[in-house]
Amino acid sequence: MLKKLRRKVSTALRSGLKNGSKPYKNPSPPPSSPLPLPSVPVRTMSHTRKHSPFLFPHANSSVVPDPSNFFSPNLLSNPLPTNSFFQNFTLKNGDQPEYIHPYLIKSSNFSLSLSYPSRSFNPSFTYQVFNPDLTISSSQKPHLSHFNHTISSHNDLSVTLDIPSSNLRFFLVRGSPFLTLSVTQPTPLSITTIHAILSFSSSDSLTKHTFSLNNGQTWILYASSPIRLSHGLSEINSDAFSGIIRIALLPDSDSKHEAVLDRFSSCYPVSGEAVFARPFCVEYKWEKKGWGDLLMLAHPLHLQLLADGGCDVNVLSDFKYGSIDGDLVGVVGDSWSLKTDPVSVTWHSIRGVREESRDEVVSALVNDVEGLNSSSITTNSSYFYGKLIARAARLALIAEEMCFLDVIPKVRKYLKETIEPWLEGTFNGNGFLYDRKWGGIVTKQGSTDAGADFGFGIYNDHHYHLGYFVYGIAVLAKIDPVWGRKYKPQAYSLMADFMTLSRRSNSNYTRLRCFDLYKLHSWAGGLTEFADGRNQESTSEAVNAYYSAALMGLAYGDTHLVATGSTLTALEIHAAQMWWHVKQGDNHYGEEFERENKVVGVLWANKRDSGLWFAPPEWKECRLGIQLLPLLPISEVLFSDVDFVKDLVEWTLPALNREGVGEGWKGFVYALKGIYDNEGALQRVRSLNGFDDGNTLTNLLWWIHSRSDEEEFGHGKHCWFGHYCH
């Protein structure tokens, strides 16, 4: 059929829209209207459903660690976090540090150490250095135990760490300038340091103690009742004590900040949650105890979004702690409202393809669709297979946008043939399973091999792999609503693995598996212990996951899913622009790193690396490409800063002269070049003789030809109704 299409395509193009190809008719009305559709019970939202959601067959994984080593028994029946800010506390010996802003925290040997980290800078990477500035424990010899600590509770912004043998409970709340601990029974305490104690003083009430170390740090300890302390060269000891203790570093050892710590020392948070109260807004709410106002710390993206949030908080601009993420600034308030400009989630390009360019795009479209053949696929990797599905789905949407609908039946057939075996469990060599230990989807290959599917079986890269599947499913549900309704339970189960909002104990999936609600971006690293914490390489694939979830919401008329997916998309974009896109003068990563790099390779909780998992720093085209692919309508919002895009492309172009550079990576460089040099980029795209396995000539031409001469960039500028709103 497509050979016949090829013969008549030129005629169709000349005749234009009026006399073009036959319209493709859906067998039933498109499901994008808000009219009720048959509902399938999934727990992606907090309200109660009547029926149980779909689950893939249960896995007997031999590679996931045993969560009972560290999680409290009462938590083990719930889905457990697999990509969280405290994941190191749950893996192996649980003794690798995690960054609980502004301190690095490490639990080992029945004690907890905290470090106010120094930073090391060089052109290749920047990282925070852990030194145990203070180590807190009981001075009594603890009873022997097979593990050091227990996670008794956790939330979006906090984790509670118990050391039962020492009668210590630590409320680790992100962004608190105080380390807060509860001594649950009268216990003598020991605080040791690797530094020398130069000075030590106590208040008359014995509820405040100040000590200075020979590394220039000054620490203040506050107690809920009098505590008598004695000290030696590098150790502080107490009499038996029970109650609350708070310890804080005095910023810059400057006495002017001491009054701030004094004022807010009596009010402490024990947990914190993020609430999606309305689209494009996240509210932080803390459970606090004590009395007075709550002091927390905001990173640069918080401050940017707080400015638009309209909440009643007081920013203490001069009170700040250093961080690899930028200065952490004091904010006083029991709750925060973080508001981002709206992002338009659209199926097609925002501005549309130029009419004079339609012929070239449609010609490439016919060629690319003719090449679709599901039987020729050789990979059984969930990642690469997902990319092929999404690649074909792009062709269907471009066909819609071009009003050249004759090719859609073949794309639809290909999508059915590639997606259905994964949803029905009939795919040869791999498939999706449900892991009951942690509560999430794994692959058959990944359930027996931790390295298979890029570690999907130990919860690496879930939003990447599933994001591609969700994109393909959303498009197929759009062009074939009958199919969409049939496979809606499976579709929602895939989406819910990384999109669940519910905190209910009977949920099948942990809350927002990959998304960090304090940093406001995702982590890809799963159940693997890393000295530098979680990590993420590709922000654009993270954006694709939440964007695709929003598209699924559009396809199924699910306004809640549209709103949540769009909000997470906007936040992920903000974070990518803040921390992955390196701009001179940002002063996050040091002058040397910022001078040599325009984009971060892998961003860790505690490090910024110019290298990639699969490529050295010199392969700049890979660094650019992995932050752009897949090329989508939302990509122009992600790369909305034209000046930065130009700097990034010009920084990358010399790397294309290296022998062996892949044509697929070149395509992504030329795509960004098309933002500011449309004609130059077009000529280079036309000269390519190969494409990324998730990309096509059609998609590149669609992108180039949908750039306008005068770009209206910036969050919210694509939402034209904003011009008519107050």
# chains A, B, ... in the order shown; residues from 1 in each chain; ligands from 1

$ closest_atom_pairs --of "range 232-308 of chain A" --to "range 557-575 of chain A" --cutoff "10 Å" --atoms "only C-alpha atoms" --output "JSON lines"
{"residue": "A:Phe276", "atom": "CA", "partner": "A:Thr564", "partner_atom": "CA", "distance": 7.8}
{"residue": "A:Arg278", "atom": "CA", "partner": "A:Ala563", "partner_atom": "CA", "distance": 8.0}
{"residue": "A:Pro279", "atom": "CA", "partner": "A:Ala563", "partner_atom": "CA", "distance": 5.3}
{"residue": "A:Phe280", "atom": "CA", "partner": "A:Thr567", "partner_atom": "CA", "distance": 4.6}
{"residue": "A:Cys281", "atom": "CA", "partner": "A:Thr567", "partner_atom": "CA", "distance": 7.2}
{"residue": "A:Val282", "atom": "CA", "partner": "A:Thr567", "partner_atom": "CA", "distance": 8.6}
{"residue": "A:Pro300", "atom": "CA", "partner": "A:Ala575", "partner_atom": "CA", "distance": 9.8}
{"residue": "A:Leu301", "atom": "CA", "partner": "A:Ala575", "partner_atom": "CA", "distance": 7.1}
{"residue": "A:Gln304", "atom": "CA", "partner": "A:His574", "partner_atom": "CA", "distance": 9.6}
{"residue": "A:Leu305", "atom": "CA", "partner": "A:His574", "partner_atom": "CA", "distance": 9.5}

$ select_by_dssp --residues "range 323-545 of chain A" --states "helix (DSSP H, G or I)" --output "VMD selection string"
chain A and resid 355 to 370 374 to 376 382 to 402 405 to 424 452 to 458 462 to 479 481 to 486 488 to 499 539 to 545

$ residues_around --residues "Ser201 in chain A" --least-positions-apart "2" --cutoff "12 Å" --atoms "only C-alpha atoms" --output "list in words"
Ile197, Leu198, Ser199, Ser203, Asp204, Ser205, Leu206, Thr207, Lys208, His209, Thr210, Phe211, Ser212, Thr218, Trp219, Ile220, Leu221, Arg228, Leu229, Ser230, His231 and Ile236 of chain A

$ write_last_selection --atoms "C-alpha atoms" --output "CSV table (one decimal), in the first residue's frame"
chain,number,residue,atom,x,y,z
A,197,ILE,CA,37.7,21.6,70.1
A,198,LEU,CA,39.2,25.0,70.5
A,199,SER,CA,36.6,26.6,72.7
A,203,SER,CA,24.5,29.0,78.9
A,204,ASP,CA,23.5,29.4,82.6
A,205,SER,CA,20.4,27.3,81.9
A,206,LEU,CA,22.6,24.5,80.4
A,207,THR,CA,20.2,24.3,77.4
A,208,LYS,CA,22.6,26.0,74.9
A,209,HIS,CA,26.2,25.0,74.3
A,210,THR,CA,28.6,26.5,71.8
A,211,PHE,CA,31.8,24.9,70.6
A,212,SER,CA,34.4,25.9,68.0
A,218,THR,CA,31.3,26.7,65.1
A,219,TRP,CA,28.4,24.5,66.3
A,220,ILE,CA,25.6,25.2,68.7
A,221,LEU,CA,23.7,22.5,70.6
A,228,ARG,CA,25.4,18.9,81.5
A,229,LEU,CA,28.3,18.5,79.1
A,230,SER,CA,32.0,17.9,79.5
A,231,HIS,CA,34.6,17.9,76.8
A,236,ILE,CA,31.9,15.9,74.3

$ residues_around --residues "range 358-365 of chain A" --least-positions-apart "3" --cutoff "7 Å" --atoms "only C-alpha atoms" --output "list in words"
Leu13, Val353, Arg354, Glu355, Asp368, Val369, Leu395, Met402, Leu697, Thr698, Leu701 and Trp702 of chain A

$ write_last_selection --atoms "N, CA, C and O atoms" --output "mmCIF file, in the first residue's frame"
data_model
loop_
_atom_site.group_PDB
_atom_site.id
_atom_site.type_symbol
_atom_site.label_atom_id
_atom_site.label_comp_id
_atom_site.auth_asym_id
_atom_site.auth_seq_id
_atom_site.Cartn_x
_atom_site.Cartn_y
_atom_site.Cartn_z
ATOM 1 N N LEU A 13 0.540 16.185 -2.465
ATOM 2 C CA LEU A 13 1.187 17.381 -1.935
ATOM 3 C C LEU A 13 0.835 18.597 -2.762
ATOM 4 O O LEU A 13 0.593 19.678 -2.239
ATOM 5 N N VAL A 353 4.029 23.436 11.452
ATOM 6 C CA VAL A 353 5.024 23.373 10.379
ATOM 7 C C VAL A 353 4.678 24.405 9.314
ATOM 8 O O VAL A 353 3.514 24.584 8.952
ATOM 9 N N ARG A 354 5.698 25.064 8.820
ATOM 10 C CA ARG A 354 5.477 26.071 7.770
ATOM 11 C C ARG A 354 4.865 25.395 6.538
ATOM 12 O O ARG A 354 5.301 24.328 6.109
ATOM 13 N N GLU A 355 3.888 26.045 5.953
ATOM 14 C CA GLU A 355 3.156 25.453 4.835
ATOM 15 C C GLU A 355 4.076 25.094 3.669
ATOM 16 O O GLU A 355 3.939 24.044 3.044
ATOM 17 N N ASP A 368 9.670 6.805 5.991
ATOM 18 C CA ASP A 368 9.886 6.251 7.324
ATOM 19 C C ASP A 368 8.786 5.275 7.721
ATOM 20 O O ASP A 368 9.053 4.250 8.364
ATOM 21 N N VAL A 369 7.551 5.570 7.362
ATOM 22 C CA VAL A 369 6.459 4.656 7.689
ATOM 23 C C VAL A 369 6.594 3.366 6.892
ATOM 24 O O VAL A 369 6.329 2.268 7.406
ATOM 25 N N LEU A 395 5.653 9.320 14.353
ATOM 26 C CA LEU A 395 5.254 9.392 12.944
ATOM 27 C C LEU A 395 3.743 9.563 12.814
ATOM 28 O O LEU A 395 3.265 10.295 11.936
ATOM 29 N N MET A 402 0.431 16.997 9.728
ATOM 30 C CA MET A 402 0.561 17.308 8.300
ATOM 31 C C MET A 402 -0.749 17.081 7.541
ATOM 32 O O MET A 402 -0.818 17.334 6.332
ATOM 33 N N LEU A 697 14.342 10.866 10.153
ATOM 34 C CA LEU A 697 14.469 12.069 9.322
ATOM 35 C C LEU A 697 13.174 12.878 9.389
ATOM 36 O O LEU A 697 13.205 14.110 9.469
ATOM 37 N N THR A 698 12.042 12.187 9.399
ATOM 38 C CA THR A 698 10.756 12.887 9.491
ATOM 39 C C THR A 698 10.699 13.762 10.732
ATOM 40 O O THR A 698 10.295 14.935 10.671
ATOM 41 N N LEU A 701 13.053 16.812 10.404
ATOM 42 C CA LEU A 701 12.503 17.815 9.485
ATOM 43 C C LEU A 701 11.293 18.505 10.103
ATOM 44 O O LEU A 701 11.119 19.728 9.960
ATOM 45 N N TRP A 702 10.438 17.730 10.768
ATOM 46 C CA TRP A 702 9.290 18.339 11.471
ATOM 47 C C TRP A 702 9.788 19.396 12.455
ATOM 48 O O TRP A 702 9.227 20.494 12.543
#

$ atom_distance --atom1 "CA of Asp693 in chain A" --atom2 "CA of Trp651 in chain A"
24.6 Å

$ residues_around --residues "Glu636 in chain A" --least-positions-apart "2" --cutoff "12 Å" --atoms "only C-alpha atoms" --output "PyMOL selection string"
chain A and resi 343-346+348-351+540+543+573+628-634+638-642+645+671-672+674-676+703-704+706-708+711-715+717-718

$ atom_distance --atom1 "CA of Thr379 in chain A" --atom2 "CA of Leu688 in chain A"
24.0 Å

$ closest_residue --among "A:Leu512, A:Leu520, A:Val669, A:Ile245" --to "His302 in chain A" --atoms "only C-alpha atoms"
A:Leu520

$ residues_around --residues "Thr180 in chain A" --least-positions-apart "5" --cutoff "9 Å" --atoms "only C-alpha atoms" --output "mmCIF file with C-alpha atoms, in the first residue's frame"
data_model
loop_
_atom_site.group_PDB
_atom_site.id
_atom_site.type_symbol
_atom_site.label_atom_id
_atom_site.label_comp_id
_atom_site.auth_asym_id
_atom_site.auth_seq_id
_atom_site.Cartn_x
_atom_site.Cartn_y
_atom_site.Cartn_z
ATOM 1 C CA ARG A 169 15.696 8.838 66.993
ATOM 2 C CA PHE A 170 16.820 11.286 64.319
ATOM 3 C CA PHE A 171 14.264 13.443 62.491
ATOM 4 C CA LEU A 172 16.085 14.008 59.209
ATOM 5 C CA VAL A 173 14.059 16.733 57.536
ATOM 6 C CA ILE A 244 15.106 16.787 72.283
ATOM 7 C CA ILE A 245 18.516 17.936 71.108
ATOM 8 C CA ARG A 246 19.112 20.202 68.132
ATOM 9 C CA ILE A 247 22.543 20.831 66.652
ATOM 10 C CA ALA A 248 23.292 23.463 64.014
ATOM 11 C CA TYR A 268 11.360 21.645 65.062
ATOM 12 C CA PRO A 269 9.917 19.636 62.164
ATOM 13 C CA VAL A 270 9.493 15.893 62.520
#

$ closest_atom_pairs --of "range 152-239 of chain A" --to "range 114-128 of chain A" --cutoff "10 Å" --atoms "only C-alpha atoms" --output "tab-separated table"
residue	atom	partner	partner_atom	distance
A:Leu179	CA	A:Leu114	CA	8.5
A:Thr193	CA	A:Leu114	CA	9.8
A:Gln217	CA	A:Tyr116	CA	9.0

$ write_last_selection --atoms "all heavy atoms" --output "PDB file, in the first residue's frame"
ATOM      1  N   LEU A 179      20.120  19.620  62.957  1.00  0.00           N
ATOM      2  CA  LEU A 179      19.937  18.186  63.102  1.00  0.00           C
ATOM      3  C   LEU A 179      19.161  17.970  64.399  1.00  0.00           C
ATOM      4  O   LEU A 179      19.609  18.392  65.465  1.00  0.00           O
ATOM      5  CB  LEU A 179      21.280  17.467  63.166  1.00  0.00           C
ATOM      6  CG  LEU A 179      21.180  15.963  63.453  1.00  0.00           C
ATOM      7  CD1 LEU A 179      20.666  15.220  62.236  1.00  0.00           C
ATOM      8  CD2 LEU A 179      22.519  15.395  63.901  1.00  0.00           C
ATOM      9  N   THR A 193      34.486  14.311  67.312  1.00  0.00           N
ATOM     10  CA  THR A 193      34.832  15.038  66.096  1.00  0.00           C
ATOM     11  C   THR A 193      36.232  14.645  65.664  1.00  0.00           C
ATOM     12  O   THR A 193      37.068  14.249  66.491  1.00  0.00           O
ATOM     13  CB  THR A 193      34.747  16.559  66.314  1.00  0.00           C
ATOM     14  OG1 THR A 193      35.196  17.223  65.124  1.00  0.00           O
ATOM     15  CG2 THR A 193      35.598  17.010  67.493  1.00  0.00           C
ATOM     16  N   GLN A 217      34.887  25.799  61.994  1.00  0.00           N
ATOM     17  CA  GLN A 217      33.454  25.655  62.213  1.00  0.00           C
ATOM     18  C   GLN A 217      33.087  25.961  63.662  1.00  0.00           C
ATOM     19  O   GLN A 217      33.839  25.659  64.590  1.00  0.00           O
ATOM     20  CB  GLN A 217      33.003  24.226  61.882  1.00  0.00           C
ATOM     21  CG  GLN A 217      33.117  23.851  60.427  1.00  0.00           C
ATOM     22  CD  GLN A 217      32.719  22.401  60.182  1.00  0.00           C
ATOM     23  OE1 GLN A 217      32.546  21.623  61.127  1.00  0.00           O
ATOM     24  NE2 GLN A 217      32.567  22.032  58.913  1.00  0.00           N
TER      25      GLN A 217
END

$ atom_distance --atom1 "CA of Pro67 in chain A" --atom2 "CA of Gly439 in chain A"
10.9 Å

$ decode --residues "range 562-607 of chain A" --atoms "N, CA and C atoms" --output "PDB file, in the first residue's frame"
ATOM      1  N   VAL A 562      -3.633  14.646  33.573  1.00  0.00           N
ATOM      2  CA  VAL A 562      -3.089  15.740  32.761  1.00  0.00           C
ATOM      3  C   VAL A 562      -2.439  16.785  33.660  1.00  0.00           C
ATOM      4  N   ALA A 563      -3.148  17.163  34.717  1.00  0.00           N
ATOM      5  CA  ALA A 563      -2.638  18.213  35.603  1.00  0.00           C
ATOM      6  C   ALA A 563      -1.367  17.771  36.315  1.00  0.00           C
ATOM      7  N   THR A 564      -1.360  16.538  36.836  1.00  0.00           N
ATOM      8  CA  THR A 564      -0.191  16.067  37.568  1.00  0.00           C
ATOM      9  C   THR A 564       1.001  15.883  36.638  1.00  0.00           C
ATOM     10  N   GLY A 565       0.774  15.251  35.488  1.00  0.00           N
ATOM     11  CA  GLY A 565       1.854  15.068  34.527  1.00  0.00           C
ATOM     12  C   GLY A 565       2.409  16.392  34.035  1.00  0.00           C
ATOM     13  N   SER A 566       1.551  17.357  33.781  1.00  0.00           N
ATOM     14  CA  SER A 566       2.004  18.669  33.310  1.00  0.00           C
ATOM     15  C   SER A 566       2.807  19.393  34.381  1.00  0.00           C
ATOM     16  N   THR A 567       2.368  19.281  35.630  1.00  0.00           N
ATOM     17  CA  THR A 567       3.078  19.935  36.732  1.00  0.00           C
ATOM     18  C   THR A 567       4.474  19.348  36.903  1.00  0.00           C
ATOM     19  N   LEU A 568       4.580  18.023  36.894  1.00  0.00           N
ATOM     20  CA  LEU A 568       5.888  17.385  37.029  1.00  0.00           C
ATOM     21  C   LEU A 568       6.773  17.700  35.833  1.00  0.00           C
ATOM     22  N   THR A 569       6.183  17.781  34.656  1.00  0.00           N
ATOM     23  CA  THR A 569       6.944  18.179  33.459  1.00  0.00           C
ATOM     24  C   THR A 569       7.550  19.550  33.648  1.00  0.00           C
ATOM     25  N   ALA A 570       6.744  20.495  34.102  1.00  0.00           N
ATOM     26  CA  ALA A 570       7.231  21.864  34.295  1.00  0.00           C
ATOM     27  C   ALA A 570       8.345  21.916  35.328  1.00  0.00           C
ATOM     28  N   LEU A 571       8.181  21.174  36.438  1.00  0.00           N
ATOM     29  CA  LEU A 571       9.204  21.189  37.484  1.00  0.00           C
ATOM     30  C   LEU A 571      10.497  20.541  37.007  1.00  0.00           C
ATOM     31  N   GLU A 572      10.385  19.428  36.292  1.00  0.00           N
ATOM     32  CA  GLU A 572      11.586  18.763  35.775  1.00  0.00           C
ATOM     33  C   GLU A 572      12.337  19.685  34.812  1.00  0.00           C
ATOM     34  N   ILE A 573      11.606  20.437  34.007  1.00  0.00           N
ATOM     35  CA  ILE A 573      12.232  21.380  33.079  1.00  0.00           C
ATOM     36  C   ILE A 573      12.944  22.478  33.847  1.00  0.00           C
ATOM     37  N   HIS A 574      12.298  23.041  34.840  1.00  0.00           N
ATOM     38  CA  HIS A 574      12.932  24.080  35.662  1.00  0.00           C
ATOM     39  C   HIS A 574      14.234  23.570  36.266  1.00  0.00           C
ATOM     40  N   ALA A 575      14.193  22.354  36.815  1.00  0.00           N
ATOM     41  CA  ALA A 575      15.381  21.806  37.468  1.00  0.00           C
ATOM     42  C   ALA A 575      16.493  21.532  36.468  1.00  0.00           C
ATOM     43  N   ALA A 576      16.134  21.032  35.294  1.00  0.00           N
ATOM     44  CA  ALA A 576      17.144  20.792  34.259  1.00  0.00           C
ATOM     45  C   ALA A 576      17.841  22.087  33.878  1.00  0.00           C
ATOM     46  N   GLN A 577      17.062  23.131  33.715  1.00  0.00           N
ATOM     47  CA  GLN A 577      17.638  24.422  33.347  1.00  0.00           C
ATOM     48  C   GLN A 577      18.471  25.010  34.482  1.00  0.00           C
ATOM     49  N   MET A 578      18.116  24.684  35.707  1.00  0.00           N
ATOM     50  CA  MET A 578      18.838  25.213  36.856  1.00  0.00           C
ATOM     51  C   MET A 578      20.157  24.485  37.083  1.00  0.00           C
ATOM     52  N   TRP A 579      20.159  23.137  36.980  1.00  0.00           N
ATOM     53  CA  TRP A 579      21.312  22.368  37.448  1.00  0.00           C
ATOM     54  C   TRP A 579      22.042  21.567  36.373  1.00  0.00           C
ATOM     55  N   TRP A 580      21.387  21.237  35.276  1.00  0.00           N
ATOM     56  CA  TRP A 580      22.086  20.510  34.203  1.00  0.00           C
ATOM     57  C   TRP A 580      22.628  21.466  33.139  1.00  0.00           C
ATOM     58  N   HIS A 581      21.896  22.518  32.843  1.00  0.00           N
ATOM     59  CA  HIS A 581      22.327  23.491  31.842  1.00  0.00           C
ATOM     60  C   HIS A 581      23.288  24.466  32.522  1.00  0.00           C
ATOM     61  N   VAL A 582      24.544  24.384  32.166  1.00  0.00           N
ATOM     62  CA  VAL A 582      25.586  25.145  32.864  1.00  0.00           C
ATOM     63  C   VAL A 582      25.774  26.490  32.178  1.00  0.00           C
ATOM     64  N   LYS A 583      25.576  27.541  32.933  1.00  0.00           N
ATOM     65  CA  LYS A 583      25.687  28.900  32.394  1.00  0.00           C
ATOM     66  C   LYS A 583      26.741  29.668  33.174  1.00  0.00           C
ATOM     67  N   GLN A 584      27.569  30.365  32.427  1.00  0.00           N
ATOM     68  CA  GLN A 584      28.637  31.133  33.056  1.00  0.00           C
ATOM     69  C   GLN A 584      28.048  32.146  34.043  1.00  0.00           C
ATOM     70  N   GLY A 585      28.600  32.144  35.239  1.00  0.00           N
ATOM     71  CA  GLY A 585      28.153  33.103  36.238  1.00  0.00           C
ATOM     72  C   GLY A 585      27.096  32.587  37.174  1.00  0.00           C
ATOM     73  N   ASP A 586      26.623  31.343  36.959  1.00  0.00           N
ATOM     74  CA  ASP A 586      25.642  30.788  37.890  1.00  0.00           C
ATOM     75  C   ASP A 586      26.240  30.543  39.268  1.00  0.00           C
ATOM     76  N   ASN A 587      27.544  30.268  39.280  1.00  0.00           N
ATOM     77  CA  ASN A 587      28.297  30.092  40.526  1.00  0.00           C
ATOM     78  C   ASN A 587      27.835  28.896  41.350  1.00  0.00           C
ATOM     79  N   HIS A 588      27.260  27.903  40.677  1.00  0.00           N
ATOM     80  CA  HIS A 588      26.889  26.680  41.386  1.00  0.00           C
ATOM     81  C   HIS A 588      28.080  25.739  41.499  1.00  0.00           C
ATOM     82  N   TYR A 589      28.868  25.662  40.431  1.00  0.00           N
ATOM     83  CA  TYR A 589      29.827  24.577  40.296  1.00  0.00           C
ATOM     84  C   TYR A 589      31.282  25.025  40.240  1.00  0.00           C
ATOM     85  N   GLY A 590      31.545  26.273  40.439  1.00  0.00           N
ATOM     86  CA  GLY A 590      32.920  26.739  40.402  1.00  0.00           C
ATOM     87  C   GLY A 590      33.312  27.239  39.019  1.00  0.00           C
ATOM     88  N   GLU A 591      34.197  28.202  38.984  1.00  0.00           N
ATOM     89  CA  GLU A 591      34.566  28.869  37.732  1.00  0.00           C
ATOM     90  C   GLU A 591      35.174  27.899  36.728  1.00  0.00           C
ATOM     91  N   GLU A 592      36.032  26.981  37.192  1.00  0.00           N
ATOM     92  CA  GLU A 592      36.694  26.057  36.266  1.00  0.00           C
ATOM     93  C   GLU A 592      35.684  25.154  35.571  1.00  0.00           C
ATOM     94  N   PHE A 593      34.783  24.562  36.337  1.00  0.00           N
ATOM     95  CA  PHE A 593      33.791  23.655  35.757  1.00  0.00           C
ATOM     96  C   PHE A 593      32.873  24.410  34.805  1.00  0.00           C
ATOM     97  N   GLU A 594      32.443  25.591  35.187  1.00  0.00           N
ATOM     98  CA  GLU A 594      31.519  26.358  34.354  1.00  0.00           C
ATOM     99  C   GLU A 594      32.185  26.843  33.076  1.00  0.00           C
ATOM    100  N   ARG A 595      33.482  27.095  33.133  1.00  0.00           N
ATOM    101  CA  ARG A 595      34.190  27.547  31.934  1.00  0.00           C
ATOM    102  C   ARG A 595      34.341  26.415  30.916  1.00  0.00           C
ATOM    103  N   GLU A 596      34.527  25.183  31.394  1.00  0.00           N
ATOM    104  CA  GLU A 596      34.816  24.061  30.500  1.00  0.00           C
ATOM    105  C   GLU A 596      33.570  23.281  30.072  1.00  0.00           C
ATOM    106  N   ASN A 597      32.445  23.500  30.719  1.00  0.00           N
ATOM    107  CA  ASN A 597      31.259  22.678  30.472  1.00  0.00           C
ATOM    108  C   ASN A 597      30.033  23.547  30.243  1.00  0.00           C
ATOM    109  N   LYS A 598      29.224  23.127  29.278  1.00  0.00           N
ATOM    110  CA  LYS A 598      27.944  23.793  29.039  1.00  0.00           C
ATOM    111  C   LYS A 598      26.767  22.938  29.478  1.00  0.00           C
ATOM    112  N   VAL A 599      27.041  21.686  29.777  1.00  0.00           N
ATOM    113  CA  VAL A 599      25.982  20.809  30.254  1.00  0.00           C
ATOM    114  C   VAL A 599      26.618  19.742  31.133  1.00  0.00           C
ATOM    115  N   VAL A 600      25.926  19.388  32.213  1.00  0.00           N
ATOM    116  CA  VAL A 600      26.388  18.336  33.113  1.00  0.00           C
ATOM    117  C   VAL A 600      26.156  16.989  32.443  1.00  0.00           C
ATOM    118  N   GLY A 601      27.090  16.056  32.657  1.00  0.00           N
ATOM    119  CA  GLY A 601      26.901  14.706  32.142  1.00  0.00           C
ATOM    120  C   GLY A 601      25.973  13.919  33.046  1.00  0.00           C
ATOM    121  N   VAL A 602      26.459  13.563  34.225  1.00  0.00           N
ATOM    122  CA  VAL A 602      25.637  12.885  35.232  1.00  0.00           C
ATOM    123  C   VAL A 602      25.600  13.763  36.478  1.00  0.00           C
ATOM    124  N   LEU A 603      24.405  14.059  36.930  1.00  0.00           N
ATOM    125  CA  LEU A 603      24.227  14.845  38.143  1.00  0.00           C
ATOM    126  C   LEU A 603      23.896  13.891  39.284  1.00  0.00           C
ATOM    127  N   TRP A 604      24.735  13.933  40.310  1.00  0.00           N
ATOM    128  CA  TRP A 604      24.546  13.132  41.510  1.00  0.00           C
ATOM    129  C   TRP A 604      24.068  14.029  42.644  1.00  0.00           C
ATOM    130  N   ALA A 605      23.524  13.417  43.671  1.00  0.00           N
ATOM    131  CA  ALA A 605      23.128  14.195  44.842  1.00  0.00           C
ATOM    132  C   ALA A 605      24.312  14.950  45.414  1.00  0.00           C
ATOM    133  N   ASN A 606      25.504  14.381  45.264  1.00  0.00           N
ATOM    134  CA  ASN A 606      26.683  14.921  45.938  1.00  0.00           C
ATOM    135  C   ASN A 606      27.837  15.222  44.986  1.00  0.00           C
ATOM    136  N   LYS A 607      27.552  15.181  43.665  1.00  0.00           N
ATOM    137  CA  LYS A 607      28.618  15.387  42.689  1.00  0.00           C
ATOM    138  C   LYS A 607      28.023  15.826  41.365  1.00  0.00           C
TER     139      LYS A 607
END
